[in-house]
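Reviewing the structure listed below.
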Amino acid sequence: MPKRGYHHGNLRQALIEAALKLIEDKGPSGFTLSEAAKQAGVTPAAVYRHYEGRVDLIAECARQGYGIFADLMEHAYQSGQPSALAAFEATGRAYLAFARRFPGHYIAMFESGISINRTPELADVAGRANAVLEKAAGDLSQHIPEDKRPPASMFSAHIWAMSHGVVELFARNSPGRASPFPPEDLLETGIGIYLRGLGLIKPDG
């Protein structure tokens, strides 16, 4: 890869893309800032003008990922309207689709150990992503009698945890954890069982 000067137009994005590839290949702790610089075709000194260390670069990857994630979740939510059930199920599928399509971002967001409160910008965009799922859960929970209705935040946390579990165990080629069922089917049936338990969809038969 030819060397680029420090002032080339999109150095920050070039570094992010290099880091995303390294995160995907080696994990968030498996590379150095110098390796990211080499991958981007710049000198390490140029990188340190933008990021104090590898963790700062990974945090920026996470911030960018949450922005993409929030947009995808919002699109999924809107695509299911006006049905609260369709909108809710679409957000679950969007989680799985995001993990498949943006593995580097996903790892930076959920597997790097970086707190979403590391920077105000990261906290803000992570909150926006979570708010979409909570909004979808809140819409759907209105169909449950008030005395049996779980808080929307709990409702959305359950589905987030289920989606995350399916991704971690079966959608990212974890060694020794192959499932005889596609991850999409596992998630859909799991959400279905959960929603039946709340009385939101009728039992089979």
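Residue numbering restarts at 1 in every chain; chains get A, B, ... in the order shown in the structure tokens, and ligands count up from 1 in that same order.
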query = If we count only C-alpha atoms, what is near A:Ala14 at a cut-off of 10 Å, once residues fewer than 6 positions away on the same chain are taken out, given as a ChimeraX atom specification?
reply = /A:8,20,36-37,39-42
query = Neighbours of A:Gly190 within 12 Å (only C-alpha atoms; same-chain residues fewer than 5 positions away dropped), as a count of residues only?
reply = 17
inquiry  = So that I can see what lies close to A:Ile193, please list as a PyMOL selection string the residues with an atom at most 12 Å from it, counting only C-alpha atoms and leaving out residues fewer than 6 positions away in the same chain.
reply    = chain A and resi 159+162+186-187+199-204
N, CA and C atoms of the current selection, written as a compact mmCIF listing (two decimals), in the first residue's frame:
```
# COMPACT_ATOMS: atom_id res chain seq x y z
N ILE A 159 -35.00 -8.86 25.18
CA ILE A 159 -34.82 -9.15 23.76
C ILE A 159 -33.40 -8.83 23.32
N MET A 162 -31.32 -11.73 24.45
CA MET A 162 -31.56 -12.89 23.61
C MET A 162 -30.87 -12.74 22.26
N LEU A 186 -33.44 -19.33 15.29
CA LEU A 186 -33.31 -19.38 16.75
C LEU A 186 -33.85 -18.11 17.39
N LEU A 187 -33.49 -16.97 16.81
CA LEU A 187 -33.93 -15.70 17.38
C LEU A 187 -35.44 -15.54 17.22
N GLY A 199 -48.56 -13.10 26.40
CA GLY A 199 -49.92 -13.05 25.85
C GLY A 199 -50.05 -12.15 24.65
N LEU A 200 -48.93 -11.81 24.01
CA LEU A 200 -48.98 -10.88 22.89
C LEU A 200 -49.25 -11.58 21.56
N ILE A 201 -48.95 -12.86 21.46
CA ILE A 201 -49.34 -13.64 20.30
C ILE A 201 -49.98 -14.92 20.80
N LYS A 202 -50.86 -15.46 20.00
CA LYS A 202 -51.63 -16.63 20.41
C LYS A 202 -50.75 -17.89 20.39
N PRO A 203 -51.00 -18.82 21.31
CA PRO A 203 -50.27 -20.10 21.26
C PRO A 203 -50.55 -20.84 19.97
N ASP A 204 -49.60 -21.65 19.53
CA ASP A 204 -49.82 -22.48 18.35
C ASP A 204 -50.93 -23.48 18.64
```
inquiry  = Quick check for you: according to DSSP on this backbone, which residues of stretch 106-149 of chain A are classed as helix (DSSP H, G or I)? Reply as a PyMOL selection string.
reply    = chain A and resi 106-110+120-141+146-148
Please save C-alpha atoms of the selected residues as a PDB file, in the first residue's frame.
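Below is the file out34.pdb, written as the result:
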```pdb
ATOM      1  CA  TYR A 106     -19.885  -5.157  16.614  1.00  0.00           C
ATOM      2  CA  ILE A 107     -16.756  -6.434  18.380  1.00  0.00           C
ATOM      3  CA  ALA A 108     -15.607  -2.896  19.199  1.00  0.00           C
ATOM      4  CA  MET A 109     -19.033  -2.117  20.658  1.00  0.00           C
ATOM      5  CA  PHE A 110     -19.759  -5.276  22.626  1.00  0.00           C
ATOM      6  CA  PRO A 120     -20.189  11.804  25.961  1.00  0.00           C
ATOM      7  CA  GLU A 121     -20.418  11.198  22.194  1.00  0.00           C
ATOM      8  CA  LEU A 122     -20.226   7.431  22.621  1.00  0.00           C
ATOM      9  CA  ALA A 123     -22.783   7.457  25.437  1.00  0.00           C
ATOM     10  CA  ASP A 124     -25.155   9.591  23.386  1.00  0.00           C
ATOM     11  CA  VAL A 125     -25.163   7.414  20.285  1.00  0.00           C
ATOM     12  CA  ALA A 126     -25.337   4.171  22.307  1.00  0.00           C
ATOM     13  CA  GLY A 127     -28.336   5.597  24.128  1.00  0.00           C
ATOM     14  CA  ARG A 128     -29.978   6.424  20.811  1.00  0.00           C
ATOM     15  CA  ALA A 129     -29.629   2.809  19.664  1.00  0.00           C
ATOM     16  CA  ASN A 130     -31.044   1.438  22.899  1.00  0.00           C
ATOM     17  CA  ALA A 131     -33.921   3.914  22.769  1.00  0.00           C
ATOM     18  CA  VAL A 132     -35.173   2.486  19.465  1.00  0.00           C
ATOM     19  CA  LEU A 133     -35.573  -1.003  20.895  1.00  0.00           C
ATOM     20  CA  GLU A 134     -37.114   0.376  24.068  1.00  0.00           C
ATOM     21  CA  LYS A 135     -39.549   2.419  21.994  1.00  0.00           C
ATOM     22  CA  ALA A 136     -40.550  -0.692  20.026  1.00  0.00           C
ATOM     23  CA  ALA A 137     -41.001  -2.614  23.284  1.00  0.00           C
ATOM     24  CA  GLY A 138     -43.046   0.209  24.761  1.00  0.00           C
ATOM     25  CA  ASP A 139     -45.392   0.267  21.760  1.00  0.00           C
ATOM     26  CA  LEU A 140     -45.950  -3.470  21.971  1.00  0.00           C
ATOM     27  CA  SER A 141     -46.374  -3.566  25.737  1.00  0.00           C
ATOM     28  CA  GLU A 146     -51.337  -2.696  32.851  1.00  0.00           C
ATOM     29  CA  ASP A 147     -51.121  -4.907  35.929  1.00  0.00           C
ATOM     30  CA  LYS A 148     -49.204  -7.562  33.941  1.00  0.00           C
TER      31      LYS A 148
END
```
Within 9 Å of A:Val167 using only C-alpha atoms, minus same-chain residues under 5 positions, as a compact mmCIF listing (two decimals) with N, CA and C atoms, in the first residue's frame:
```txt
# COMPACT_ATOMS: atom_id res chain seq x y z
N TYR A 95 -30.71 -6.48 14.70
CA TYR A 95 -29.55 -6.71 15.57
C TYR A 95 -28.67 -7.80 14.96
N LEU A 96 -29.29 -8.89 14.57
CA LEU A 96 -28.55 -10.01 13.98
C LEU A 96 -27.91 -9.60 12.66
N ALA A 99 -24.75 -7.49 13.24
CA ALA A 99 -23.59 -8.28 13.67
C ALA A 99 -22.95 -9.00 12.49
N ARG A 100 -23.76 -9.47 11.56
CA ARG A 100 -23.23 -10.17 10.39
C ARG A 100 -22.53 -9.20 9.43
N MET A 162 -31.32 -11.73 24.45
CA MET A 162 -31.56 -12.89 23.61
C MET A 162 -30.87 -12.74 22.26
N ARG A 172 -21.43 -16.03 14.93
CA ARG A 172 -20.07 -15.53 14.69
C ARG A 172 -19.06 -16.68 14.61
N PRO A 183 -29.27 -19.03 12.80
CA PRO A 183 -29.42 -18.05 13.88
C PRO A 183 -30.73 -17.26 13.78
```
ask   = So which residues touch A:Ala97 within 10 Å, counting only C-alpha atoms, skipping near sequence neighbours fewer than 6 positions away, as number ranges by chain?
value = A: 69, 72, 91, 103, 167, 171, 184
Would you save the residues of that selection, restricted to N, CA, C and O atoms, as a PDB file, in the first residue's frame?
```pdb
ATOM      1  N   PHE A  69     -25.630   1.273  13.834  1.00  0.00           N
ATOM      2  CA  PHE A  69     -26.573   0.386  14.502  1.00  0.00           C
ATOM      3  C   PHE A  69     -27.889   1.111  14.797  1.00  0.00           C
ATOM      4  O   PHE A  69     -28.982   0.591  14.533  1.00  0.00           O
ATOM      5  N   LEU A  72     -29.848   1.596  11.595  1.00  0.00           N
ATOM      6  CA  LEU A  72     -30.458   0.346  11.132  1.00  0.00           C
ATOM      7  C   LEU A  72     -31.660  -0.031  11.994  1.00  0.00           C
ATOM      8  O   LEU A  72     -32.682  -0.483  11.486  1.00  0.00           O
ATOM      9  N   THR A  91     -36.830  -5.093  14.742  1.00  0.00           N
ATOM     10  CA  THR A  91     -35.643  -4.606  15.453  1.00  0.00           C
ATOM     11  C   THR A  91     -34.776  -5.771  15.924  1.00  0.00           C
ATOM     12  O   THR A  91     -33.549  -5.672  15.936  1.00  0.00           O
ATOM     13  N   PRO A 103     -18.987  -6.861  11.478  1.00  0.00           N
ATOM     14  CA  PRO A 103     -18.393  -7.585  12.607  1.00  0.00           C
ATOM     15  C   PRO A 103     -17.353  -6.783  13.375  1.00  0.00           C
ATOM     16  O   PRO A 103     -17.260  -6.895  14.606  1.00  0.00           O
ATOM     17  N   VAL A 167     -26.246 -14.156  18.661  1.00  0.00           N
ATOM     18  CA  VAL A 167     -25.093 -13.693  17.874  1.00  0.00           C
ATOM     19  C   VAL A 167     -23.804 -14.310  18.402  1.00  0.00           C
ATOM     20  O   VAL A 167     -22.998 -14.869  17.641  1.00  0.00           O
ATOM     21  N   ALA A 171     -23.867 -17.020  15.613  1.00  0.00           N
ATOM     22  CA  ALA A 171     -23.804 -16.218  14.383  1.00  0.00           C
ATOM     23  C   ALA A 171     -22.394 -15.742  14.057  1.00  0.00           C
ATOM     24  O   ALA A 171     -22.178 -15.120  13.030  1.00  0.00           O
ATOM     25  N   GLU A 184     -31.140 -16.943  12.546  1.00  0.00           N
ATOM     26  CA  GLU A 184     -32.392 -16.188  12.373  1.00  0.00           C
ATOM     27  C   GLU A 184     -33.579 -16.965  12.932  1.00  0.00           C
ATOM     28  O   GLU A 184     -34.472 -16.389  13.569  1.00  0.00           O
TER      29      GLU A 184
END
```
Minimum-distance residue to A:His143, chosen among A:Glu60, A:Ile116, A:Leu198, A:Gly65 (using only C-alpha atoms) = A:Leu198
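In this model, the gap between atom CA of A:Gly53 and atom CA of A:Leu33 comes to 6.6 Å.
Between atom CA of A:Arg101 and atom CA of A:Val47 there is a distance of 26.6 Å.
Closest to A:His75 among A:Leu57, A:Ser112, A:Ala94, A:Ile23 is A:Ala94, based on only C-alpha atoms.
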